[in-house]
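Each remark here refers to the structure printed beneath this line.
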Amino acid sequence: MSAKVLIADDEQNILISLEFLMKREGYQVSVAHDGQEAVDAVAKDKPNLMLLDAMMPKKTGFEVCQEIRSNPDNADIIILMLTAKGRDTDMAKGIALGANAYMVKPFSTKELAQKVRELLSAGA
Amino acid sequence: MRKTDWRIIAGTAIVGVVCLIWLFVSGGLIWAALEENERAATVAAIGPRIALLFLMWAASLIAVWVILGYLVRYFMTAPARLLENAQVLLGTDVKRKLVPDGSPENKKLTELINQLVDQREDLRAAMDQRVQEASRNTELEKNRLAALMSELTQSVVVCNLDGRILLYNNRARTQFRALSKAPAVAGGAELIGLGRSIYSVFDRKLVAHALENIQHRLQRGAATPSAQFVTTTQAGQLLRVQMTPVRAVKMPAEGSDEAPTQTNELTGFVLMLDNITRDFEDDSEKDRVLYSLTEGSRAAIANAQAAVEVLEYPDLETDMRERLLSVVRDEIHGLGKRIEEMQASSANTLRSRWPLEEMLGADLIEAAIRRIEATLSVKASTDNVDTSIWLKVESFSLLQALVHLAGKLQTECQVETVQLRLQTSSGQRACLDMLWSPLGEGTKAVLGWEMEQIKVGTETMSLTVQDVLTRHSGDSWVEREAETGRTFFRLLLPLAAPQEELSADMFLRSESRPEYYDFDLFKSSEHSRSLDDSLLTELTYTVFDTEATGLNPAGGDETIQIGAVRIVNNKLLHHEFFEQLIDPKRPIPPETIPIHGITPEMVKGKPTIESVLPAFHSFAQETILVAHNAAFDMRCFQVKEQATGVVFDHPVLDTLLLSAVVHPNQESHRLEAIAERFNVTIIGRHTAMGDAIVTAEIFMKLIPLLAEKGIRTLGEARAAAQKTFYARLKY
C-alpha cells in the first residue's frame with residue numbers, strides 16, 4: 001500500500017504543484033489549508049508523512065508540530081517542514097519541536113521528492 | 001591723670017609704719033636706759049623739736065614713694081604691658097612692632113616677641129600664597145573641564161549614588177529639551193538641573209540594574225566596567241545610555257609618595273546619552289525592507305519554481321498546464337508589485353532591533369538566579385553552565401523575561417525549584433534553558449506563555465517573552481528531556497566573541513582619572529532626615545512669582561505669567577529658570593497693564609494654564625516653594641486644581657512672613673521695602689521673573705538672620721512664620 005502524505009500550506013499556488021508532484025510519486029495525497037485543518041486531518045486519518053508550512057493562519061506550523069507530537073500515538077508521523085523563514089533560529093526551533101526535516105523555500109521539487117522518498121524509506 | 005598704683009601706696013605705708021615702730025621701739029629702749037635727770041634733759045632737748053622728727057619721717061616717706069614708684073614701673077608695669085600687647089598680637093591679625101620698655105630683660109623679651117610675630121606673618125603669607133595658587137589651579141581645572149564638557153558632542157550627566165545630578169553639559173541640556181513632555185513651556189528645565197533626580201527621566205530600576213552589573217564586574221576585577229542600556233522616555237524618545245562608574249579614591253598614607261588609587265566602592269556614575277530614536281527608526285525601516293525582500297519573496301519564488309519544475313513534465317494535461325502557467329504569472333506579477341510597494345513605502349510597522357551588550361554568560365545566569373530568588377519564593381540553581389560563553393544580550397528585559405517565566409511556573413504549575421543551563425547549539429547560538437520537573441502533564445500547561453506580556457511582581461511590561469527574544473534575533477520554545485523527564489524553556493540567544501577580562505591592576509595606572517577631574521562632587525549624599533528637620537541651608541528651593549489679571553483668583557482672575565528660579569546648595573542658579581506667559585482666555589483689565597506690563601497681544605497664542613501649571617509642577621518637583629505673599633499664588637494654583645489635574649502640595653515658605661519674623665518692628669514688609677532694607681537691587685520689578693529673582697535674593701539673606709534667632713530647619717521656619725501677625729490675616 002502506498003504511503004499517505006498530508007500537505008498543509010495556505011498558499012494555493014504551491015499546493016497545486018506539490019499535490020501533483022506527490023501524486024505523481026505515487027502517494028495518497030490529502031490537503032489542508034491552515035493549521036487547524038492540518039491538526040484535524042491528522043486526527044481523522046493519520047498520514048505517514050506531512051509537508052508542513054511554518055506560516056499558516058489559525059495555527060502556525062510550529063504549533064501544529066508541537067500539538068501533533070504531544071500525542072504519543074503520532075510519534076511515527078514524519079514531519080517535513082517547509083518554510084520561507086530562513087533563519088537558523090527557525091530551523092533549530094522546528095527540529096526541537098519535533099520536525100524530522102526542514103526545507104527552506106524556495107527548493108527544488110526534485111530535491112523535495114528525493115527527501116520525501118528518503119524519509120519514508122528510513123521511517124518504514 | 002593716671003591712677004596711683006595701690007602697690008606704691010601700700011609699700012609706702014608699710015615703710016612709714018615700720019619706721020615709726022622702729023622710732024618708738026628704739027626711743028622706748030633708750031628712754032628706759034636713761035637716769036631721771038637725763039630723761040628730763042632729753043625731754044627738754046627734744047620736746048620742742050619733736051615736730052622736726054616727724055617732718056623728717058614724712059620727708060623720707062616721700063623719697064620712698066618716688067623710689068617705689070620707679071621700681072614698680074621698671075619691674076612690674078612694663079612686663080604687664082608687654083603681656084597685654086602680646087595677647088593682642090596672639091588673638092588678632094594685627095601686625096605691629098612692640099616698643100621695648102622696662103628692664104633689659106623685658107626689652108630683650110619684647111624683641112623676641114617681635115621676631116616671633118614677624119616669623120608668623122611670613123608663614124601666613126607663604127600659606128596664603130599656596131592656598132591661592134591651589135585654588136587658582138582648581139579654578140583652572142574646573143574651567144578646563146567645563147570647556148571640555150561643553151565641546152563634547154555627546155551629552156554627559158554626572159550623578160551621585162542617589163541619582164542627583166551634579167554636573168551636566170550643554171549638549172545634555174539640549175537633549176533633555178527633546179525629552180521634555182512640555183518642550184514649549186519648560187524646555188527640559190524641569191528635567192535637568194543641579195540637584196535634580198535623574199530618575200525623573202529614567203526608570204530607577206534600569207539604573208539600579210546597570211549599577212548592579214558594574215558593581216559585580218568591579219568585584220570580579222574588571223578594569224573598565226561600564227554598562228549600557230536602552231530606554232524609551234516618557235516623551236517617546238529612544239535613548240542609549242552608557243554608564244561609567246565614579247569610584248571612591250583611596251588616599252595614600254600620609255607622607256608616602258604613592259598616587260591616590262581607586263577603590264571598588266562606587267560614589268556615583270557618569271551617564272553618556274545618545275538619542276537614537278532617528279537611527280533606530282532608520283535601522284528598523286531598513287530591517288523591514290530586508291525582511292520583506294527575503295522572507296516575503298521566498299514563498300513566491302518557491303511557488304513559481306515548483307510550478308515551473310512541474311511544467312517540465314512532458315505528459316501534463318492542458319488544464320493542469322494552464323493552471324501552473326497562471327501560478328507562475330501570478331507569482332511574478334506579485335513579486336513585481338512587492339518591489340514597487342517597497343520603493344514607495346514609508347516606515348510604519350517597525351520591527352525592533354535593540355542595541356545589545358556583550359556579557360559573560362555565567363554572569364547573566366548568576367544575575368538571573370539572584371533576581372529570581374529575590375523576587376519569587378522559587379529556588380534557582382545552575383545546571384551545567386558553559387563558562388566560556390559570551391552573550392550579546394539586553395540583560396534587563398531578558399532577566400525580566402526569565403523572572404516572568406519562573407513566576408508563571410510557580411503560580412500555575414506549583415514549581416518550587418528551577419535550574420538554569422547554558423550551552424551552545426552547534427556553535428551558532430547559545431541555548432539558555434530554564435529546567436523544571438513537571439508535576440503533572442508535560443508541556444501543555446505552559447504553551448503560549450511566551451506570547452503573554454511580561455509580569456514581574458505587580459508590574460506588567462509592554463513586552464512579551466517573544467518580543468524580548470525578537471530583540472535578540474532569537475527564539476524560544478518549550479521542550480521535554482526524554483531521559484530525565486524534565487521540561488525546559490529554551491531561549492536561543494546570540495553569541496558574542498569571547499573577550500579577555502582584563503585584570504584591574506594592569507590598568508590602574510593608565511586608567512586613573514585625567515588630571516582635570518578632581519571635583520569633590522560626591523560628598524553630598526541624601527540625608528535621611530525628614531524635610532521638616534532639614535537645615536534651611538541644605539534644601540532645594542523653587543522661588544517664584546506670578547502676575548495675574550487681578551487680585552481675586554476665585555472670582556475669575558487668571559494667572560498670566562509665571563517666573564521662577566532655583567536655589568540649590570545655597571546658590572541661586574540663574575540659568576535654571578522657568579519663565580512663561582500664559583493666555584488667560586479672558587481680557588486683561590487695562591488698568592492692570594501698567595502694573596505688570598503684559599498686553600493682550602503678548603499672551604495671544606501662548607499656552608494656557610492647563611499646560612503651563614503641570615510643567616511648572618514638574619519644574620518644582622522635590623523642592624520647597626518660596627514666594628512673597630505665597631498665600632495669593634498658592635490660592636491661584638488651588639483654584640486651577642480641577643482644570644489642570646495637578647496639586648501643589650510642596651512645602652511653602654513665604655518671604656513676607658519670614659521678614660516679619662526677622663524684623664517684627666518694621667512697618668512694611670512689601671517686596672520693595674525689604675529689598676531696600678537688604679540692599680537688593682531691583683531689576684524688572686513686576687515682571688514675574690524679576691520679582692522671583694528679587695525674592696530669591698531676599699530669601700537667601702533671610703536664612704542667616706533666621707539662624708541668629710535660632711530658626712535653622714524648615715520645620716522651625718514654618719512654625720515661626722505661622723506665629724507672625726501677618727499669617728493670621730486671611731487672604
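Ordering of the C-alpha cells sets the chain letters (A, B, ...); residue numbers start at 1 within each chain; ligands are numbered from 1 in the order shown.
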Residue hits in chain B, query chain A, radius 6 Å, only C-alpha atoms, as a PDB file with N, CA and C atoms, in the first residue's frame:
ATOM      1  N   GLU B 295      12.246  37.057   3.255  1.00  0.00           N
ATOM      2  CA  GLU B 295      11.265  36.054   3.639  1.00  0.00           C
ATOM      3  C   GLU B 295      10.019  36.136   2.777  1.00  0.00           C
ATOM      4  N   ARG B 298      10.672  34.598  -0.664  1.00  0.00           N
ATOM      5  CA  ARG B 298      10.984  33.166  -0.691  1.00  0.00           C
ATOM      6  C   ARG B 298       9.795  32.326  -1.106  1.00  0.00           C
ATOM      7  N   ALA B 299       8.655  32.605  -0.455  1.00  0.00           N
ATOM      8  CA  ALA B 299       7.471  31.790  -0.705  1.00  0.00           C
ATOM      9  C   ALA B 299       7.050  31.929  -2.166  1.00  0.00           C
ATOM     10  N   ILE B 301       8.823  32.779  -4.786  1.00  0.00           N
ATOM     11  CA  ILE B 301       9.761  32.110  -5.692  1.00  0.00           C
ATOM     12  C   ILE B 301       9.580  30.599  -5.619  1.00  0.00           C
ATOM     13  N   ALA B 302       9.340  30.120  -4.388  1.00  0.00           N
ATOM     14  CA  ALA B 302       9.127  28.681  -4.227  1.00  0.00           C
ATOM     15  C   ALA B 302       7.921  28.232  -5.048  1.00  0.00           C
ATOM     16  N   ASN B 303       6.846  29.021  -4.966  1.00  0.00           N
ATOM     17  CA  ASN B 303       5.646  28.662  -5.713  1.00  0.00           C
ATOM     18  C   ASN B 303       5.949  28.598  -7.196  1.00  0.00           C
ATOM     19  N   ALA B 306       8.347  25.686  -8.120  1.00  0.00           N
ATOM     20  CA  ALA B 306       7.690  24.377  -8.122  1.00  0.00           C
ATOM     21  C   ALA B 306       6.822  24.233  -9.362  1.00  0.00           C
ATOM     22  N   ALA B 307       6.093  25.305  -9.687  1.00  0.00           N
ATOM     23  CA  ALA B 307       5.208  25.251 -10.852  1.00  0.00           C
ATOM     24  C   ALA B 307       6.012  25.026 -12.120  1.00  0.00           C
ATOM     25  N   VAL B 327      -0.122  30.130 -12.233  1.00  0.00           N
ATOM     26  CA  VAL B 327       0.617  30.280 -10.958  1.00  0.00           C
ATOM     27  C   VAL B 327       1.884  31.098 -11.198  1.00  0.00           C
TER      28      VAL B 327
END
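Reported to one decimal place, the separation of atom CA of Leu653 of chain B from atom CA of Val626 of chain B is 4.8 Å.
The space separating atom CA of Arg288 of chain B from atom CA of Glu357 of chain B comes to 22.5 Å.
Residue nearest Thr174 of chain B, chosen from B:Arg370, B:Arg220, B:Pro100, B:Asn275 and counting only C-alpha atoms: B:Asn275.
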Could you pull out all residues of segment 185-341 of chain B with a DSSP call of helix (DSSP H, G or I) and give them as a ChimeraX atom specification?
/B:198-200,204-219,277-311,318-341
Nearest to Ala8 of chain A by atom-to-atom distance, counting only C-alpha atoms, from A:His33, A:Lys58, A:Arg24, A:Arg69
A:His33
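Distance-wise, atom CA of Pro245 of chain B and atom CA of Ile365 of chain B end up 22.8 Å apart.
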Near Ala631 of chain B, within 8 Å and counting only C-alpha atoms, which residues show up once chain neighbours fewer than 2 positions away are dropped, as a PDB file with N, CA and C atoms, in the first residue's frame?
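File produced: out-v4.pdb:
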ATOM      1  N   ASN B 629       4.430  86.717  49.737  1.00  0.00           N
ATOM      2  CA  ASN B 629       2.982  86.621  49.894  1.00  0.00           C
ATOM      3  C   ASN B 629       2.475  85.390  49.154  1.00  0.00           C
ATOM      4  N   ASP B 633      -0.435  83.319  45.548  1.00  0.00           N
ATOM      5  CA  ASP B 633      -0.067  82.461  44.429  1.00  0.00           C
ATOM      6  C   ASP B 633      -0.605  81.049  44.621  1.00  0.00           C
ATOM      7  N   MET B 634      -0.510  80.578  45.877  1.00  0.00           N
ATOM      8  CA  MET B 634      -0.973  79.220  46.129  1.00  0.00           C
ATOM      9  C   MET B 634      -2.486  79.130  45.913  1.00  0.00           C
ATOM     10  N   ARG B 635      -3.166  80.216  46.268  1.00  0.00           N
ATOM     11  CA  ARG B 635      -4.616  80.247  46.061  1.00  0.00           C
ATOM     12  C   ARG B 635      -4.926  80.175  44.555  1.00  0.00           C
ATOM     13  N   ASP B 654       7.118  81.680  52.896  1.00  0.00           N
ATOM     14  CA  ASP B 654       6.681  82.985  52.438  1.00  0.00           C
ATOM     15  C   ASP B 654       7.681  84.027  52.925  1.00  0.00           C
ATOM     16  N   TYR B 731      -6.442  85.508  53.413  1.00  0.00           N
ATOM     17  CA  TYR B 731      -6.451  86.120  52.096  1.00  0.00           C
ATOM     18  C   TYR B 731      -7.853  86.229  51.582  1.00  0.00           C
TER      19      TYR B 731
END
Residues within 10 Å of segment 45-50 of chain A, only C-alpha atoms, excluding chain neighbours under 5 positions, as JSON, numbers by chain:
{"A": [2, 3, 4, 5, 6, 7, 8, 27, 28, 29, 30, 31, 38, 39, 40, 65, 73, 74, 76, 77, 78, 79, 80, 81, 82, 99, 100, 116, 119, 120, 123, 124]}
Okay, now the selection with N, CA and C atoms, as an mmCIF file, in the first residue's frame?
data_model
loop_
_atom_site.group_PDB
_atom_site.id
_atom_site.type_symbol
_atom_site.label_atom_id
_atom_site.label_comp_id
_atom_site.auth_asym_id
_atom_site.auth_seq_id
_atom_site.Cartn_x
_atom_site.Cartn_y
_atom_site.Cartn_z
ATOM 1 N N SER A 2 0.474 2.225 -0.798
ATOM 2 C CA SER A 2 1.312 3.433 -0.907
ATOM 3 C C SER A 2 1.165 4.298 0.340
ATOM 4 N N ALA A 3 2.189 5.118 0.560
ATOM 5 C CA ALA A 3 2.211 5.944 1.764
ATOM 6 C C ALA A 3 1.200 7.083 1.655
ATOM 7 N N LYS A 4 0.689 7.529 2.828
ATOM 8 C CA LYS A 4 -0.249 8.653 2.848
ATOM 9 C C LYS A 4 0.532 9.930 3.165
ATOM 10 N N VAL A 5 0.319 10.926 2.317
ATOM 11 C CA VAL A 5 1.025 12.204 2.518
ATOM 12 C C VAL A 5 -0.002 13.312 2.713
ATOM 13 N N LEU A 6 0.196 14.106 3.791
ATOM 14 C CA LEU A 6 -0.682 15.260 4.028
ATOM 15 C C LEU A 6 0.118 16.531 3.724
ATOM 16 N N ILE A 7 -0.436 17.360 2.846
ATOM 17 C CA ILE A 7 0.245 18.622 2.539
ATOM 18 C C ILE A 7 -0.522 19.757 3.221
ATOM 19 N N ALA A 8 0.160 20.493 4.123
ATOM 20 C CA ALA A 8 -0.507 21.607 4.813
ATOM 21 C C ALA A 8 0.178 22.906 4.420
ATOM 22 N N TYR A 27 1.963 8.606 -4.093
ATOM 23 C CA TYR A 27 1.424 8.599 -2.728
ATOM 24 C C TYR A 27 -0.059 8.931 -2.751
ATOM 25 N N GLN A 28 -0.749 8.568 -1.631
ATOM 26 C CA GLN A 28 -2.134 9.022 -1.449
ATOM 27 C C GLN A 28 -2.064 10.409 -0.828
ATOM 28 N N VAL A 29 -2.583 11.410 -1.520
ATOM 29 C CA VAL A 29 -2.369 12.792 -1.088
ATOM 30 C C VAL A 29 -3.643 13.396 -0.524
ATOM 31 N N SER A 30 -3.521 14.058 0.626
ATOM 32 C CA SER A 30 -4.616 14.902 1.114
ATOM 33 C C SER A 30 -4.041 16.289 1.415
ATOM 34 N N VAL A 31 -4.956 17.268 1.498
ATOM 35 C CA VAL A 31 -4.509 18.664 1.559
ATOM 36 C C VAL A 31 -5.175 19.381 2.723
ATOM 37 N N ALA A 38 -5.031 21.126 9.399
ATOM 38 C CA ALA A 38 -3.961 20.128 9.415
ATOM 39 C C ALA A 38 -4.087 19.242 10.643
ATOM 40 N N VAL A 39 -4.332 19.858 11.810
ATOM 41 C CA VAL A 39 -4.469 19.081 13.044
ATOM 42 C C VAL A 39 -5.663 18.139 12.932
ATOM 43 N N ASP A 40 -6.769 18.666 12.409
ATOM 44 C CA ASP A 40 -7.976 17.841 12.254
ATOM 45 C C ASP A 40 -7.725 16.682 11.302
ATOM 46 N N CYS A 65 3.046 21.254 14.817
ATOM 47 C CA CYS A 65 4.073 20.258 15.071
ATOM 48 C C CYS A 65 4.059 19.837 16.544
ATOM 49 N N ASP A 73 0.793 8.690 20.186
ATOM 50 C CA ASP A 73 0.355 7.869 19.042
ATOM 51 C C ASP A 73 0.905 8.403 17.728
ATOM 52 N N ASN A 74 1.170 9.710 17.718
ATOM 53 C CA ASN A 74 1.599 10.339 16.475
ATOM 54 C C ASN A 74 3.106 10.362 16.297
ATOM 55 N N ASP A 76 5.152 8.423 15.143
ATOM 56 C CA ASP A 76 5.758 7.872 13.926
ATOM 57 C C ASP A 76 5.426 8.690 12.676
ATOM 58 N N ILE A 77 4.654 9.734 12.818
ATOM 59 C CA ILE A 77 4.399 10.586 11.650
ATOM 60 C C ILE A 77 5.691 11.329 11.309
ATOM 61 N N ILE A 78 6.055 11.277 10.035
ATOM 62 C CA ILE A 78 7.258 12.007 9.619
ATOM 63 C C ILE A 78 6.835 13.424 9.248
ATOM 64 N N ILE A 79 7.493 14.398 9.840
ATOM 65 C CA ILE A 79 7.125 15.782 9.548
ATOM 66 C C ILE A 79 8.274 16.466 8.815
ATOM 67 N N LEU A 80 7.972 16.982 7.641
ATOM 68 C CA LEU A 80 8.958 17.735 6.861
ATOM 69 C C LEU A 80 8.452 19.171 6.799
ATOM 70 N N MET A 81 9.173 20.071 7.441
ATOM 71 C CA MET A 81 8.700 21.456 7.473
ATOM 72 C C MET A 81 9.227 22.211 6.265
ATOM 73 N N LEU A 82 8.334 22.969 5.666
ATOM 74 C CA LEU A 82 8.696 23.816 4.528
ATOM 75 C C LEU A 82 8.458 25.259 4.960
ATOM 76 N N ALA A 99 10.049 18.294 14.309
ATOM 77 C CA ALA A 99 10.086 18.050 12.867
ATOM 78 C C ALA A 99 11.252 17.109 12.550
ATOM 79 N N ASN A 100 11.064 16.267 11.538
ATOM 80 C CA ASN A 100 12.141 15.357 11.168
ATOM 81 C C ASN A 100 13.124 16.026 10.223
ATOM 82 N N VAL A 116 11.531 13.277 0.497
ATOM 83 C CA VAL A 116 10.346 12.543 0.946
ATOM 84 C C VAL A 116 10.589 11.036 0.819
ATOM 85 N N LEU A 119 12.955 9.929 3.606
ATOM 86 C CA LEU A 119 12.341 9.935 4.936
ATOM 87 C C LEU A 119 11.397 8.748 5.091
ATOM 88 N N LEU A 120 10.615 8.489 4.027
ATOM 89 C CA LEU A 120 9.654 7.392 4.116
ATOM 90 C C LEU A 120 10.356 6.042 4.189
ATOM 91 N N GLY A 123 11.816 5.711 7.631
ATOM 92 C CA GLY A 123 10.789 5.546 8.666
ATOM 93 C C GLY A 123 10.108 4.205 8.575
ATOM 94 N N ALA A 124 10.029 3.637 7.347
ATOM 95 C CA ALA A 124 9.278 2.413 7.171
ATOM 96 C C ALA A 124 9.987 1.199 7.783
#
Would you kindly return, as a PDB file with N, CA and C atoms, in the first residue's frame, each protein, DNA or RNA residue with an atom no farther than 7 Å from any atom of segment 447-463 of chain B, considering only C-alpha atoms and excluding same-chain residues fewer than 4 positions away?
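And here's result.pdb as it stands now:
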ATOM      1  N   GLN B 400      14.012  40.131  33.125  1.00  0.00           N
ATOM      2  CA  GLN B 400      12.591  40.260  33.429  1.00  0.00           C
ATOM      3  C   GLN B 400      11.824  39.077  32.844  1.00  0.00           C
ATOM      4  N   ALA B 401      12.202  38.686  31.618  1.00  0.00           N
ATOM      5  CA  ALA B 401      11.519  37.572  30.958  1.00  0.00           C
ATOM      6  C   ALA B 401      11.718  36.288  31.757  1.00  0.00           C
ATOM      7  N   VAL B 403      12.392  35.984  34.963  1.00  0.00           N
ATOM      8  CA  VAL B 403      11.643  36.050  36.217  1.00  0.00           C
ATOM      9  C   VAL B 403      10.164  35.804  35.947  1.00  0.00           C
ATOM     10  N   HIS B 404       9.699  36.361  34.847  1.00  0.00           N
ATOM     11  CA  HIS B 404       8.297  36.169  34.473  1.00  0.00           C
ATOM     12  C   HIS B 404       7.977  34.678  34.296  1.00  0.00           C
ATOM     13  N   THR B 443       4.193  19.555  28.720  1.00  0.00           N
ATOM     14  CA  THR B 443       4.374  20.907  28.220  1.00  0.00           C
ATOM     15  C   THR B 443       3.067  21.629  27.943  1.00  0.00           C
ATOM     16  N   ASP B 467       8.789  38.983  22.292  1.00  0.00           N
ATOM     17  CA  ASP B 467       9.343  40.283  21.866  1.00  0.00           C
ATOM     18  C   ASP B 467      10.792  40.410  22.302  1.00  0.00           C
ATOM     19  N   VAL B 468      11.043  40.003  23.549  1.00  0.00           N
ATOM     20  CA  VAL B 468      12.406  40.107  24.073  1.00  0.00           C
ATOM     21  C   VAL B 468      13.345  39.283  23.212  1.00  0.00           C
TER      22      VAL B 468
END
